[in-house]
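Visitor: Structure file work_4.cif (mmCIF, C-alpha atoms; chains and numbers go by the auth columns) is given on the next line.
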```cif
data_input
#
loop_
_atom_site.group_PDB
_atom_site.id
_atom_site.type_symbol
_atom_site.label_atom_id
_atom_site.label_comp_id
_atom_site.label_asym_id
_atom_site.label_seq_id
_atom_site.Cartn_x
_atom_site.Cartn_y
_atom_site.Cartn_z
_atom_site.B_iso_or_equiv
_atom_site.auth_seq_id
_atom_site.auth_asym_id
ATOM 1 C CA MET A 1 119.589 88.716 81.690 0.00 207 A
ATOM 2 C CA ILE A 2 117.596 88.908 84.927 0.00 208 A
ATOM 3 C CA ASN A 3 117.032 85.825 87.101 0.00 209 A
ATOM 4 C CA PHE A 4 113.547 85.826 88.604 0.00 210 A
ATOM 5 C CA PHE A 5 112.379 84.021 91.727 0.00 211 A
ATOM 6 C CA MET A 6 108.994 83.738 93.397 0.00 212 A
ATOM 7 C CA ASN A 7 108.768 82.484 96.986 0.00 213 A
ATOM 8 C CA GLY A 8 112.312 81.139 96.626 0.00 214 A
ATOM 9 C CA ASN A 9 111.654 79.196 93.406 0.00 215 A
ATOM 10 C CA PRO A 10 113.116 80.105 89.991 0.00 216 A
ATOM 11 C CA LEU A 11 110.548 81.733 87.719 0.00 217 A
ATOM 12 C CA ASP A 12 110.538 81.612 83.937 0.00 218 A
ATOM 13 C CA VAL A 13 109.702 85.160 82.818 0.00 219 A
ATOM 14 C CA GLN A 14 109.547 86.353 79.216 0.00 220 A
ATOM 15 C CA LEU A 15 110.146 90.095 79.119 0.00 221 A
ATOM 16 C CA GLU A 16 108.262 91.973 76.413 0.00 222 A
ATOM 17 C CA ASN A 17 108.433 95.782 76.360 0.00 223 A
ATOM 18 C CA GLU A 18 109.717 96.306 79.906 0.00 224 A
ATOM 19 C CA LYS A 19 112.554 98.825 80.042 0.00 225 A
ATOM 20 C CA THR A 20 112.744 99.626 83.783 0.00 226 A
ATOM 21 C CA VAL A 21 112.473 97.662 86.987 0.00 227 A
ATOM 22 C CA GLY A 22 109.206 99.567 87.596 0.00 228 A
ATOM 23 C CA ASP A 23 107.795 98.142 84.336 0.00 229 A
ATOM 24 C CA ILE A 24 108.576 94.645 85.615 0.00 230 A
ATOM 25 C CA PHE A 25 106.966 95.378 88.984 0.00 231 A
ATOM 26 C CA TYR A 26 103.829 96.660 87.229 0.00 232 A
ATOM 27 C CA SER A 27 103.574 93.600 84.919 0.00 233 A
ATOM 28 C CA PHE A 28 104.115 91.218 87.811 0.00 234 A
ATOM 29 C CA GLU A 29 101.520 93.035 89.938 0.00 235 A
ATOM 30 C CA GLN A 30 98.964 92.699 87.099 0.00 236 A
ATOM 31 C CA THR A 31 99.678 88.969 86.790 0.00 237 A
ATOM 32 C CA CYS A 32 99.262 88.563 90.553 0.00 238 A
ATOM 33 C CA GLU A 33 95.896 90.350 90.553 0.00 239 A
ATOM 34 C CA GLU A 34 94.659 88.107 87.730 0.00 240 A
ATOM 35 C CA ASN A 35 95.665 85.066 89.816 0.00 241 A
ATOM 36 C CA GLU A 36 94.201 86.224 93.169 0.00 242 A
ATOM 37 C CA ALA A 37 97.645 86.858 94.609 0.00 243 A
ATOM 38 C CA ALA A 38 99.483 89.826 96.115 0.00 244 A
ATOM 39 C CA VAL A 39 103.162 90.779 96.369 0.00 245 A
ATOM 40 C CA ILE A 40 104.299 91.121 99.980 0.00 246 A
ATOM 41 C CA GLY A 41 108.064 91.423 99.448 0.00 247 A
ATOM 42 C CA ILE A 42 110.584 92.368 96.769 0.00 248 A
ATOM 43 C CA VAL A 43 114.341 91.816 96.781 0.00 249 A
ATOM 44 C CA VAL A 44 116.493 93.214 93.952 0.00 250 A
ATOM 45 C CA ASP A 45 120.099 91.995 93.728 0.00 251 A
ATOM 46 C CA ASP A 46 119.915 90.741 97.332 0.00 252 A
ATOM 47 C CA LYS A 47 118.657 94.122 98.606 0.00 253 A
ATOM 48 C CA ASN A 48 115.290 94.183 100.358 0.00 254 A
ATOM 49 C CA ILE A 49 113.173 96.875 98.686 0.00 255 A
ATOM 50 C CA THR A 50 111.436 98.864 101.406 0.00 256 A
ATOM 51 C CA SER A 51 108.958 101.650 100.630 0.00 257 A
ATOM 52 C CA ASP A 52 111.670 104.331 100.911 0.00 258 A
ATOM 53 C CA LEU A 53 113.836 102.534 98.290 0.00 259 A
ATOM 54 C CA PHE A 54 110.971 101.781 95.918 0.00 260 A
ATOM 55 C CA ASP A 55 110.979 105.033 93.914 0.00 261 A
ATOM 56 C CA ASP A 56 114.724 104.840 93.250 0.00 262 A
ATOM 57 C CA ILE A 57 114.754 101.197 92.204 0.00 263 A
ATOM 58 C CA LYS A 58 111.732 101.385 89.903 0.00 264 A
ATOM 59 C CA ILE A 59 113.455 103.867 87.518 0.00 265 A
ATOM 60 C CA LYS A 60 116.516 101.622 87.203 0.00 266 A
ATOM 61 C CA SER A 61 117.109 100.096 83.759 0.00 267 A
ATOM 62 C CA ILE A 62 116.547 96.342 83.500 0.00 268 A
ATOM 63 C CA ASP A 63 120.093 96.100 82.082 0.00 269 A
ATOM 64 C CA ASP A 64 121.484 97.128 85.486 0.00 270 A
ATOM 65 C CA VAL A 65 119.761 94.349 87.442 0.00 271 A
ATOM 66 C CA ASN A 66 120.740 90.669 87.756 0.00 272 A
ATOM 67 C CA LYS A 67 118.146 89.200 90.104 0.00 273 A
ATOM 68 C CA ILE A 68 114.588 90.020 91.231 0.00 274 A
ATOM 69 C CA GLU A 69 112.854 87.982 93.958 0.00 275 A
ATOM 70 C CA PHE A 70 109.167 88.318 94.751 0.00 276 A
ATOM 71 C CA THR A 71 107.419 87.027 97.848 0.00 277 A
ATOM 72 C CA VAL A 72 103.784 86.407 97.034 0.00 278 A
ATOM 73 C CA VAL A 73 100.735 85.327 99.003 0.00 279 A
ATOM 74 C CA THR A 74 97.568 83.934 97.413 0.00 280 A
ATOM 75 C CA LYS A 75 93.973 84.059 98.531 0.00 281 A
ATOM 76 C CA ASN A 76 93.953 80.247 98.714 0.00 282 A
ATOM 77 C CA THR A 77 97.055 80.146 100.916 0.00 283 A
ATOM 78 C CA ILE A 78 95.344 82.484 103.369 0.00 284 A
ATOM 79 C CA LYS A 79 92.166 80.352 103.360 0.00 285 A
ATOM 80 C CA GLU A 80 94.240 77.216 104.007 0.00 286 A
ATOM 81 C CA SER A 81 96.159 78.974 106.794 0.00 287 A
ATOM 82 C CA PHE A 82 92.910 80.069 108.453 0.00 288 A
ATOM 83 C CA ALA A 83 91.561 76.481 108.264 0.00 289 A
ATOM 84 C CA THR A 84 94.768 75.103 109.808 0.00 290 A
ATOM 85 C CA LEU A 85 94.678 77.741 112.537 0.00 291 A
ATOM 86 C CA ALA A 86 91.011 76.941 113.318 0.00 292 A
ATOM 87 C CA LYS A 87 92.024 73.335 114.137 0.00 293 A
ATOM 88 C CA LEU A 88 95.026 74.552 116.088 0.00 294 A
ATOM 89 C CA PHE A 89 92.916 76.913 118.222 0.00 295 A
ATOM 90 C CA ASP A 90 90.419 74.066 118.858 0.00 296 A
ATOM 91 C CA GLU A 91 93.275 71.897 120.154 0.00 297 A
ATOM 92 C CA LEU A 92 94.735 74.756 122.206 0.00 298 A
ATOM 93 C CA SER A 93 91.338 75.516 123.669 0.00 299 A
ATOM 94 C CA ALA A 94 91.032 71.898 124.887 0.00 300 A
ATOM 95 C CA LYS A 95 94.570 71.997 126.289 0.00 301 A
ATOM 96 C CA MET A 96 93.969 75.280 128.130 0.00 302 A
ATOM 97 C CA GLU A 97 90.753 73.844 129.583 0.00 303 A
ATOM 98 C CA ASN A 98 92.819 70.954 130.989 0.00 304 A
ATOM 99 C CA VAL A 99 95.502 73.186 132.552 0.00 305 A
ATOM 100 C CA PRO A 100 94.000 73.025 136.097 0.00 306 A
ATOM 101 C CA VAL A 101 93.968 69.194 136.000 0.00 307 A
ATOM 102 C CA ASP A 102 97.438 69.067 134.410 0.00 308 A
ATOM 103 C CA LEU A 103 98.814 71.320 137.160 0.00 309 A
ATOM 104 C CA GLN A 104 97.253 69.127 139.869 0.00 310 A
ATOM 105 C CA ASN A 105 98.869 66.088 138.247 0.00 311 A
ATOM 106 C CA GLY A 106 102.284 67.738 138.085 0.00 312 A
ATOM 107 C CA LYS A 107 102.285 68.009 134.279 0.00 313 A
ATOM 108 C CA ASN A 108 104.053 71.378 134.345 0.00 314 A
ATOM 109 C CA LYS A 109 106.041 70.589 131.185 0.00 315 A
ATOM 110 C CA GLU A 110 102.804 70.032 129.187 0.00 316 A
ATOM 111 C CA VAL A 111 101.361 73.267 130.565 0.00 317 A
ATOM 112 C CA SER A 112 104.501 75.219 129.561 0.00 318 A
ATOM 113 C CA GLU A 113 104.326 73.704 126.064 0.00 319 A
ATOM 114 C CA SER A 114 100.652 74.713 125.715 0.00 320 A
ATOM 115 C CA ILE A 115 101.457 78.279 126.765 0.00 321 A
ATOM 116 C CA LYS A 116 104.311 78.521 124.235 0.00 322 A
ATOM 117 C CA ASN A 117 102.025 77.141 121.484 0.00 323 A
ATOM 118 C CA LEU A 118 99.351 79.660 122.476 0.00 324 A
ATOM 119 C CA ALA A 119 101.729 82.621 122.073 0.00 325 A
ATOM 120 C CA ASP A 120 103.043 81.291 118.725 0.00 326 A
ATOM 121 C CA SER A 121 99.522 80.665 117.396 0.00 327 A
ATOM 122 C CA ILE A 122 98.295 84.159 118.288 0.00 328 A
ATOM 123 C CA ASP A 123 101.350 85.640 116.525 0.00 329 A
ATOM 124 C CA GLN A 124 100.640 83.484 113.481 0.00 330 A
ATOM 125 C CA PHE A 125 96.955 84.444 113.480 0.00 331 A
ATOM 126 C CA CYS A 126 97.759 88.173 113.648 0.00 332 A
ATOM 127 C CA HIS A 127 100.309 87.829 110.830 0.00 333 A
ATOM 128 C CA ILE A 128 97.865 85.992 108.534 0.00 334 A
ATOM 129 C CA SER A 129 95.070 88.437 109.409 0.00 335 A
ATOM 130 C CA VAL A 130 97.290 91.292 108.236 0.00 336 A
ATOM 131 C CA LEU A 131 97.922 89.439 104.956 0.00 337 A
ATOM 132 C CA ALA A 132 94.177 88.813 104.596 0.00 338 A
ATOM 133 C CA THR A 133 93.599 92.583 104.488 0.00 339 A
ATOM 134 C CA LEU A 134 95.235 92.477 101.034 0.00 340 A
ATOM 135 C CA PHE A 135 92.009 90.786 99.860 0.00 341 A
ATOM 136 C CA PRO A 136 89.303 92.894 101.542 0.00 342 A
ATOM 137 C CA GLU A 137 86.541 91.693 99.196 0.00 343 A
ATOM 138 C CA THR A 138 87.094 88.092 100.387 0.00 344 A
ATOM 139 C CA PHE A 139 88.149 88.372 104.019 0.00 345 A
ATOM 140 C CA LYS A 140 85.966 90.641 106.112 0.00 346 A
ATOM 141 C CA ILE A 141 87.806 90.699 109.422 0.00 347 A
ATOM 142 C CA THR A 142 85.789 93.072 111.548 0.00 348 A
ATOM 143 C CA THR A 143 84.447 91.351 114.652 0.00 349 A
ATOM 144 C CA ILE A 144 85.107 88.291 116.779 0.00 350 A
ATOM 145 C CA ASN A 145 82.445 87.270 119.251 0.00 351 A
ATOM 146 C CA ASP A 146 80.523 90.530 118.546 0.00 352 A
ATOM 147 C CA MET A 147 83.606 92.532 119.522 0.00 353 A
ATOM 148 C CA ASN A 148 85.662 94.766 117.260 0.00 354 A
ATOM 149 C CA PHE A 149 88.755 92.803 116.146 0.00 355 A
ATOM 150 C CA ASN A 150 91.201 95.174 117.901 0.00 356 A
ATOM 151 C CA ASP A 151 89.105 95.305 121.106 0.00 357 A
ATOM 152 C CA PHE A 152 88.930 91.495 121.205 0.00 358 A
ATOM 153 C CA PHE A 153 92.717 91.239 121.071 0.00 359 A
ATOM 154 C CA ALA A 154 93.232 94.085 123.538 0.00 360 A
ATOM 155 C CA ASP A 155 90.947 92.181 125.939 0.00 361 A
ATOM 156 C CA LEU A 156 92.769 88.880 125.309 0.00 362 A
ATOM 157 C CA SER A 157 96.112 90.631 125.686 0.00 363 A
ATOM 158 C CA SER A 158 95.227 91.945 129.160 0.00 364 A
ATOM 159 C CA ILE A 159 94.107 88.435 130.217 0.00 365 A
ATOM 160 C CA LEU A 160 97.375 86.972 128.910 0.00 366 A
ATOM 161 C CA LYS A 161 99.270 89.619 130.905 0.00 367 A
ATOM 162 C CA ASP A 162 97.444 88.513 134.089 0.00 368 A
ATOM 163 C CA PHE A 163 98.220 84.935 133.104 0.00 369 A
ATOM 164 C CA GLU A 164 101.922 85.766 132.709 0.00 370 A
ATOM 165 C CA GLY A 165 101.892 87.356 136.173 0.00 371 A
ATOM 166 C CA ALA A 166 100.237 84.261 137.641 0.00 372 A
ATOM 167 C CA LEU A 167 102.943 82.088 136.046 0.00 373 A
ATOM 168 C CA GLU A 168 105.732 84.282 137.459 0.00 374 A
ATOM 169 C CA ASN A 169 104.162 84.075 140.925 0.00 375 A
ATOM 170 C CA ASN A 170 103.490 80.348 140.503 0.00 376 A
ATOM 171 C CA ASP A 171 99.839 81.031 141.436 0.00 377 A
ATOM 172 C CA THR A 172 98.431 77.699 140.261 0.00 378 A
ATOM 173 C CA VAL A 173 94.857 78.569 141.253 0.00 379 A
ATOM 174 C CA LEU A 174 94.842 81.760 139.151 0.00 380 A
ATOM 175 C CA ILE A 175 96.662 79.982 136.294 0.00 381 A
ATOM 176 C CA GLY A 176 93.967 77.296 136.293 0.00 382 A
ATOM 177 C CA ASP A 177 91.065 79.761 136.513 0.00 383 A
ATOM 178 C CA LEU A 178 92.366 82.027 133.746 0.00 384 A
ATOM 179 C CA SER A 179 93.103 79.036 131.495 0.00 385 A
ATOM 180 C CA GLU A 180 89.719 77.394 131.902 0.00 386 A
ATOM 181 C CA TYR A 181 87.319 80.344 132.240 0.00 387 A
ATOM 182 C CA GLU A 182 88.996 83.202 130.353 0.00 388 A
ATOM 183 C CA ILE A 183 91.493 81.931 127.774 0.00 389 A
ATOM 184 C CA CYS A 184 89.747 78.721 126.701 0.00 390 A
ATOM 185 C CA PRO A 185 86.420 80.371 125.630 0.00 391 A
ATOM 186 C CA ARG A 186 88.276 83.116 123.766 0.00 392 A
ATOM 187 C CA LEU A 187 90.336 80.559 121.847 0.00 393 A
ATOM 188 C CA GLN A 188 87.084 78.812 120.963 0.00 394 A
ATOM 189 C CA SER A 189 85.730 82.146 119.675 0.00 395 A
ATOM 190 C CA ILE A 190 88.817 82.595 117.474 0.00 396 A
ATOM 191 C CA SER A 191 88.418 79.061 116.142 0.00 397 A
ATOM 192 C CA ASN A 192 84.716 79.584 115.362 0.00 398 A
ATOM 193 C CA PHE A 193 85.548 82.868 113.656 0.00 399 A
ATOM 194 C CA LEU A 194 88.270 81.228 111.539 0.00 400 A
ATOM 195 C CA LYS A 195 85.844 78.545 110.382 0.00 401 A
ATOM 196 C CA THR A 196 83.727 81.267 108.772 0.00 402 A
ATOM 197 C CA MET A 197 86.635 82.608 106.690 0.00 403 A
#
```
How does the structure come out when it is put into structure tokens?

Guide:
Amino acid sequence: MINFFMNGNPLDVQLENEKTVGDIFYSFEQTCEENEAAVIGIVVDDKNITSDLFDDIKIKSIDDVNKIEFTVVTKNTIKESFATLAKLFDELSAKMENVPVDLQNGKNKEVSESIKNLADSIDQFCHISVLATLFPETFKITTINDMNFNDFFADLSSILKDFEGALENNDTVLIGDLSEYEICPRLQSISNFLKTM
């Protein structure tokens, strides 16, 4: 008897004609498609199934397996994540705009916190954008601010590199300028883009 889990929660699955692990994968994939969801991770008997292990595991008999765990993402989860991130980038944009004033007022701790949040939020955005590509008919991620998605982030990345250098050199003038005139408008562009998703 196989124990099934989805996103960490036990799942009640009635097997019908499935004989191999591959049969189960196929049935589960079909169910996901019908429910606007996609599988993004599979663990069989505590072993993470990477693409190079997939062919071997799928021919295994269901009698030789005790536990299958699926990690699934839904279209709605992605929409909700984009909405949450839009608010977050709005807040970050306002904070980055205030960096010059915060630095003048000695609020270095607040500035450091904003910078950490900025890095985390960009990571989160990139991760969710990758997941969104699983639903190309819903999420058309092509341009931000009339720039190709990859070019936009390459541009932002080079600005963040300059920003990192300014922080290392404690160049408060450059930190302030980059925050207010370069980073802030780009965060606003990301937020506006996310609101259209």

Visitor: Each residue of stretch 283-371 of chain A lying at most 6 Å from stretch 393-400 of chain A should get a row with its shortest atom-to-atom pair and the distance in Å to one decimal, counting only C-alpha atoms; could you produce that, ordered by chain and increasing number, as a Markdown table?

Guide:
```
| residue | atom | partner | partner_atom | distance |
| --- | --- | --- | --- | --- |
| A:Phe288 | CA | A:Leu400 | CA | 5.7 |
| A:Ala292 | CA | A:Ser397 | CA | 4.4 |
| A:Phe295 | CA | A:Ser397 | CA | 5.4 |
| A:Ser299 | CA | A:Leu393 | CA | 5.5 |
```

Visitor: Would you write out, as CSV, a table of all residues in stretch 276-300 of chain A that have an atom no more than 12 Å from an atom of stretch 226-236 of chain A, listing for each the closest atom pair and the distance in Å to one decimal, considering all atoms listed in the file and ordering rows by chain and rising residue number?

Guide:
```
residue,atom,partner,partner_atom,distance
A:Phe276,CA,A:Phe234,CA,9.1
A:Thr277,CA,A:Phe234,CA,11.4
A:Val278,CA,A:Glu235,CA,10.0
A:Val279,CA,A:Glu235,CA,11.9
```

Visitor: Given the choices A:Ala372, A:Leu217, A:Ala243, A:Leu384, which gets closest to A:Phe341 if the distance is worked out from only C-alpha atoms?

Guide: A:Ala243

Visitor: Nearest to A:Asp368 among A:Asn356, A:Ser385, A:Thr283, A:Ser267, with distances taken over all atoms listed in the file: which residue is it?

Guide: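 Of the candidates, the smallest distance to A:Asp368 is held by A:Ser385.
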
Visitor: Kindly indicate which residue among A:Pro306, A:Gly371, A:Gly312, A:Gly214 lies nearest to A:Ile274, using all atoms listed in the file for the distances.

Guide: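 Selected residue with least distance to A:Ile274: A:Gly214.
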
Visitor: What does the distance between atom CA of A:Phe331 and atom CA of A:Leu362 come to in Å, to one decimal place?

Guide: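 Result for atom CA of A:Phe331 versus atom CA of A:Leu362: 13.3 Å, one decimal.
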
Visitor: Go through A:Ser320, A:Thr339, A:Asn304, A:Asn241 and flag the residue nearest A:Ile284, using only C-alpha atoms for the distances.

Guide: A:Thr339

Visitor: Calculated over only C-alpha atoms, which of the candidates A:Asp326, A:Glu224, A:Glu388, A:Asp383 has the smallest distance to A:Ser364?

Guide: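 Going through A:Asp326, A:Glu224, A:Glu388, A:Asp383 one by one, the smallest distance to A:Ser364 is for A:Glu388.
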
Visitor: Just to confirm, what's the straight-line distance from atom CA of A:Ile208 to atom CA of A:Asn272 in Å (one decimal)?

Guide: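 Calculated distance between atom CA of A:Ile208 and atom CA of A:Asn272 is 4.6 Å.
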
Visitor: Between A:Ile268, A:Ala244, A:Ile255, A:Met403, which is the closest to A:Asn209 once you count only C-alpha atoms?

Guide: A:Ile268

Visitor: Selected by the PyMOL selection byres ((chain A and resi 335) around 10) in the shown coordinates: which residues, as a list in words?

Guide: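 Evaluating the PyMOL selection byres ((chain A and resi 335) around 10) on this file yields Ile284, Ser287, Phe288, Asp329, Gln330, Phe331, Cys332, His333, Ile334, Val336, Leu337, Ala338, Thr339, Leu340, Phe345, Lys346 and Ile347 of chain A.
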
Visitor: Those residues you just picked out, can you put them in a file as a PDB file, in the coordinates of the input with C-alpha atoms?

Guide:
```
ATOM      1  CA  ILE A 284      95.344  82.484 103.369  1.00  0.00           C
ATOM      2  CA  SER A 287      96.159  78.974 106.794  1.00  0.00           C
ATOM      3  CA  PHE A 288      92.910  80.069 108.453  1.00  0.00           C
ATOM      4  CA  ASP A 329     101.350  85.640 116.525  1.00  0.00           C
ATOM      5  CA  GLN A 330     100.640  83.484 113.481  1.00  0.00           C
ATOM      6  CA  PHE A 331      96.955  84.444 113.480  1.00  0.00           C
ATOM      7  CA  CYS A 332      97.759  88.173 113.648  1.00  0.00           C
ATOM      8  CA  HIS A 333     100.309  87.829 110.830  1.00  0.00           C
ATOM      9  CA  ILE A 334      97.865  85.992 108.534  1.00  0.00           C
ATOM     10  CA  VAL A 336      97.290  91.292 108.236  1.00  0.00           C
ATOM     11  CA  LEU A 337      97.922  89.439 104.956  1.00  0.00           C
ATOM     12  CA  ALA A 338      94.177  88.813 104.596  1.00  0.00           C
ATOM     13  CA  THR A 339      93.599  92.583 104.488  1.00  0.00           C
ATOM     14  CA  LEU A 340      95.235  92.477 101.034  1.00  0.00           C
ATOM     15  CA  PHE A 345      88.149  88.372 104.019  1.00  0.00           C
ATOM     16  CA  LYS A 346      85.966  90.641 106.112  1.00  0.00           C
ATOM     17  CA  ILE A 347      87.806  90.699 109.422  1.00  0.00           C
TER      18      ILE A 347
END
```

Visitor: Mind giving me the straight-line distance from atom CA of A:Asn351 to atom CA of A:Tyr387 in Å, one decimal?

Guide: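 Distance reported for this atom pair: 15.5 Å.
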
Visitor: Up to 6 Å from (113.7, 97.0, 90.7) in the file's coordinates: name the residues, counting all atoms listed in the file, as JSON, numbers by chain.

Guide: {"A": [227, 250, 263, 264]}
